[in-house]
Amino acid sequence: MQVDIHFKHVDTSNSLREYATEKSAKFSKYLDGKIHVTWTFDHEHGEFISHCHVVGSHIDFFGEAKADEAYATVDLAIAKVEKQIKKHKEVVTDH
């Protein structure tokens, strides 16, 4: 799994980088093969925004979250992407 992390209007934080990388490891239990996860962290109007883009073989998922804390946005974005992955798995197995 390859994880890229970008920061816009936010100081680079190693702890946030490690937290996002650690949480992104969850995707490997749902998906097989090569997985590329791109995180973009932004700070606008007093809120932290995180974008999570997961690309794999024949899949492309995206999650975005806004909150007062950067770590909370990571958890919310991961939950949104996991929901999309689970829905996709249900569609594929029921088909």
# chains A, B, ... in the order shown; residues from 1 in each chain; ligands from 1

call {"tool": "residues_around", "arguments": {"residues": "segment 78-83 of chain A", "least_positions_apart": "6", "cutoff": "9 Å", "atoms": "only C-alpha atoms", "output": "number ranges by chain"}}
result
A: 23-24, 26-27, 30, 52-54, 61-65

call {"tool": "write_last_selection", "arguments": {"atoms": "N, CA and C atoms", "output": "CSV table (one decimal), in the first residue's frame"}}
result
chain,number,residue,atom,x,y,z
A,23,LYS,N,-4.2,4.6,10.2
A,23,LYS,CA,-5.6,4.4,10.0
A,23,LYS,C,-5.9,3.9,8.5
A,24,SER,N,-5.0,4.3,7.6
A,24,SER,CA,-5.2,3.8,6.2
A,24,SER,C,-4.9,2.3,6.0
A,26,LYS,N,-6.3,0.0,7.5
A,26,LYS,CA,-7.5,-0.7,7.5
A,26,LYS,C,-8.0,-1.1,6.1
A,27,PHE,N,-7.7,-0.3,5.1
A,27,PHE,CA,-8.2,-0.6,3.8
A,27,PHE,C,-7.6,-1.9,3.2
A,30,TYR,N,-9.9,-4.9,3.4
A,30,TYR,CA,-11.0,-4.9,2.5
A,30,TYR,C,-10.7,-5.1,1.1
A,52,CYS,N,-9.7,12.0,1.5
A,52,CYS,CA,-9.1,10.7,1.4
A,52,CYS,C,-9.5,10.1,0.1
A,53,HIS,N,-8.5,9.8,-0.8
A,53,HIS,CA,-8.8,9.2,-2.1
A,53,HIS,C,-8.1,7.9,-2.2
A,54,VAL,N,-8.9,6.8,-2.3
A,54,VAL,CA,-8.4,5.5,-2.4
A,54,VAL,C,-8.5,4.9,-3.8
A,61,PHE,N,-12.4,5.3,-4.6
A,61,PHE,CA,-13.3,5.8,-3.6
A,61,PHE,C,-12.8,7.1,-3.0
A,62,PHE,N,-13.7,8.0,-2.5
A,62,PHE,CA,-13.3,9.3,-2.0
A,62,PHE,C,-14.1,9.6,-0.8
A,63,GLY,N,-13.5,10.1,0.2
A,63,GLY,CA,-14.2,10.6,1.4
A,63,GLY,C,-13.6,11.9,1.9
A,64,GLU,N,-14.5,12.8,2.4
A,64,GLU,CA,-14.2,14.1,2.8
A,64,GLU,C,-14.8,14.3,4.1
A,65,ALA,N,-14.1,15.0,5.1
A,65,ALA,CA,-14.7,15.3,6.4
A,65,ALA,C,-14.2,16.6,6.9

call {"tool": "select_by_dssp", "arguments": {"residues": "chain A", "states": "helix (DSSP H, G or I)", "output": "number ranges by chain"}}
result
A: 14-24, 27-30, 70-94

call {"tool": "select_by_dssp", "arguments": {"residues": "segment 7-91 of chain A", "states": "strand (DSSP E)", "output": "ChimeraX atom specification"}}
result
/A:7-8,35-44,47-56,59-67

call {"tool": "closest_residue", "arguments": {"among": "A:Val91, A:Ile49, A:Ile35, A:Ile5", "to": "Thr21 of chain A", "atoms": "only C-alpha atoms"}}
result
A:Ile5

call {"tool": "atom_distance", "arguments": {"atom1": "atom CA of Lys87 of chain A", "atom2": "atom CA of Val74 of chain A"}}
result
20.1 Å

call {"tool": "closest_residue", "arguments": {"among": "A:Val3, A:Leu31, A:Leu16, A:Ala70", "to": "His88 of chain A", "atoms": "only C-alpha atoms"}}
result
A:Leu31

call {"tool": "decode", "arguments": {"residues": "segment 84-95 of chain A", "atoms": "all heavy atoms", "output": "mmCIF file, in the first residue's frame"}}
result
data_model
loop_
_atom_site.group_PDB
_atom_site.id
_atom_site.type_symbol
_atom_site.label_atom_id
_atom_site.label_comp_id
_atom_site.auth_asym_id
_atom_site.auth_seq_id
_atom_site.Cartn_x
_atom_site.Cartn_y
_atom_site.Cartn_z
ATOM 1 N N GLN A 84 -18.367 3.049 1.647
ATOM 2 C CA GLN A 84 -18.404 2.877 0.197
ATOM 3 C C GLN A 84 -17.830 1.518 -0.210
ATOM 4 O O GLN A 84 -18.376 0.845 -1.095
ATOM 5 C CB GLN A 84 -17.607 3.980 -0.492
ATOM 6 C CG GLN A 84 -18.210 5.350 -0.370
ATOM 7 C CD GLN A 84 -17.319 6.410 -0.973
ATOM 8 O OE1 GLN A 84 -16.565 6.154 -1.910
ATOM 9 N NE2 GLN A 84 -17.393 7.610 -0.438
ATOM 10 N N ILE A 85 -16.744 1.112 0.435
ATOM 11 C CA ILE A 85 -16.116 -0.173 0.111
ATOM 12 C C ILE A 85 -17.058 -1.321 0.449
ATOM 13 O O ILE A 85 -17.217 -2.259 -0.346
ATOM 14 C CB ILE A 85 -14.771 -0.324 0.843
ATOM 15 C CG1 ILE A 85 -13.744 0.672 0.288
ATOM 16 C CG2 ILE A 85 -14.242 -1.744 0.718
ATOM 17 C CD1 ILE A 85 -12.457 0.734 1.075
ATOM 18 N N LYS A 86 -17.676 -1.256 1.621
ATOM 19 C CA LYS A 86 -18.612 -2.319 2.017
ATOM 20 C C LYS A 86 -19.788 -2.398 1.061
ATOM 21 O O LYS A 86 -20.226 -3.486 0.682
ATOM 22 C CB LYS A 86 -19.088 -2.094 3.447
ATOM 23 C CG LYS A 86 -18.022 -2.360 4.479
ATOM 24 C CD LYS A 86 -18.521 -2.079 5.870
ATOM 25 C CE LYS A 86 -17.413 -2.277 6.891
ATOM 26 N NZ LYS A 86 -17.874 -1.954 8.258
ATOM 27 N N LYS A 87 -20.320 -1.261 0.650
ATOM 28 C CA LYS A 87 -21.433 -1.220 -0.302
ATOM 29 C C LYS A 87 -21.011 -1.835 -1.635
ATOM 30 O O LYS A 87 -21.748 -2.605 -2.249
ATOM 31 C CB LYS A 87 -21.894 0.225 -0.494
ATOM 32 C CG LYS A 87 -23.051 0.392 -1.418
ATOM 33 C CD LYS A 87 -24.326 -0.115 -0.802
ATOM 34 C CE LYS A 87 -25.493 0.229 -1.696
ATOM 35 N NZ LYS A 87 -26.749 -0.194 -1.145
ATOM 36 N N HIS A 88 -19.803 -1.499 -2.081
ATOM 37 C CA HIS A 88 -19.289 -2.040 -3.327
ATOM 38 C C HIS A 88 -19.131 -3.563 -3.231
ATOM 39 O O HIS A 88 -19.472 -4.285 -4.169
ATOM 40 C CB HIS A 88 -17.939 -1.388 -3.662
ATOM 41 C CG HIS A 88 -17.264 -1.957 -4.847
ATOM 42 N ND1 HIS A 88 -17.706 -1.727 -6.130
ATOM 43 C CD2 HIS A 88 -16.177 -2.763 -4.970
ATOM 44 C CE1 HIS A 88 -16.920 -2.364 -6.992
ATOM 45 N NE2 HIS A 88 -15.986 -2.997 -6.300
ATOM 46 N N LYS A 89 -18.641 -4.058 -2.091
ATOM 47 C CA LYS A 89 -18.476 -5.499 -1.901
ATOM 48 C C LYS A 89 -19.828 -6.222 -1.934
ATOM 49 O O LYS A 89 -19.940 -7.299 -2.481
ATOM 50 C CB LYS A 89 -17.771 -5.786 -0.566
ATOM 51 C CG LYS A 89 -16.333 -5.405 -0.531
ATOM 52 C CD LYS A 89 -15.496 -6.436 -1.210
ATOM 53 C CE LYS A 89 -14.037 -6.139 -0.989
ATOM 54 N NZ LYS A 89 -13.175 -7.142 -1.581
ATOM 55 N N GLU A 90 -20.865 -5.591 -1.335
ATOM 56 C CA GLU A 90 -22.190 -6.193 -1.355
ATOM 57 C C GLU A 90 -22.732 -6.284 -2.772
ATOM 58 O O GLU A 90 -23.301 -7.300 -3.168
ATOM 59 C CB GLU A 90 -23.159 -5.358 -0.518
ATOM 60 C CG GLU A 90 -22.959 -5.455 0.953
ATOM 61 C CD GLU A 90 -23.887 -4.543 1.729
ATOM 62 O OE1 GLU A 90 -24.822 -3.976 1.119
ATOM 63 O OE2 GLU A 90 -23.673 -4.391 2.940
ATOM 64 N N VAL A 91 -22.536 -5.245 -3.551
ATOM 65 C CA VAL A 91 -23.022 -5.223 -4.937
ATOM 66 C C VAL A 91 -22.309 -6.283 -5.762
ATOM 67 O O VAL A 91 -22.925 -7.014 -6.539
ATOM 68 C CB VAL A 91 -22.842 -3.822 -5.561
ATOM 69 C CG1 VAL A 91 -23.087 -3.853 -7.055
ATOM 70 C CG2 VAL A 91 -23.762 -2.828 -4.893
ATOM 71 N N VAL A 92 -21.009 -6.397 -5.569
ATOM 72 C CA VAL A 92 -20.229 -7.357 -6.352
ATOM 73 C C VAL A 92 -20.579 -8.785 -5.974
ATOM 74 O O VAL A 92 -20.747 -9.642 -6.843
ATOM 75 C CB VAL A 92 -18.716 -7.089 -6.158
ATOM 76 C CG1 VAL A 92 -17.884 -8.208 -6.765
ATOM 77 C CG2 VAL A 92 -18.332 -5.765 -6.792
ATOM 78 N N THR A 93 -20.738 -9.080 -4.685
ATOM 79 C CA THR A 93 -21.019 -10.464 -4.276
ATOM 80 C C THR A 93 -22.462 -10.856 -4.575
ATOM 81 O O THR A 93 -22.736 -12.011 -4.859
ATOM 82 C CB THR A 93 -20.748 -10.663 -2.770
ATOM 83 O OG1 THR A 93 -21.477 -9.707 -2.020
ATOM 84 C CG2 THR A 93 -19.262 -10.532 -2.485
ATOM 85 N N ASP A 94 -23.405 -9.917 -4.507
ATOM 86 C CA ASP A 94 -24.804 -10.224 -4.812
ATOM 87 C C ASP A 94 -25.068 -10.344 -6.305
ATOM 88 O O ASP A 94 -26.063 -10.921 -6.713
ATOM 89 C CB ASP A 94 -25.732 -9.156 -4.208
ATOM 90 C CG ASP A 94 -25.766 -9.239 -2.693
ATOM 91 O OD1 ASP A 94 -25.357 -10.274 -2.143
ATOM 92 O OD2 ASP A 94 -26.210 -8.264 -2.062
ATOM 93 N N HIS A 95 -24.194 -9.791 -7.101
ATOM 94 C CA HIS A 95 -24.387 -9.806 -8.540
ATOM 95 C C HIS A 95 -24.087 -11.192 -9.022
ATOM 96 O O HIS A 95 -24.545 -11.879 -9.731
ATOM 97 C CB HIS A 95 -23.473 -8.798 -9.204
ATOM 98 C CG HIS A 95 -23.659 -8.700 -10.686
ATOM 99 N ND1 HIS A 95 -24.823 -8.265 -11.246
ATOM 100 C CD2 HIS A 95 -22.839 -8.972 -11.718
ATOM 101 C CE1 HIS A 95 -24.708 -8.261 -12.562
ATOM 102 N NE2 HIS A 95 -23.509 -8.698 -12.861
#
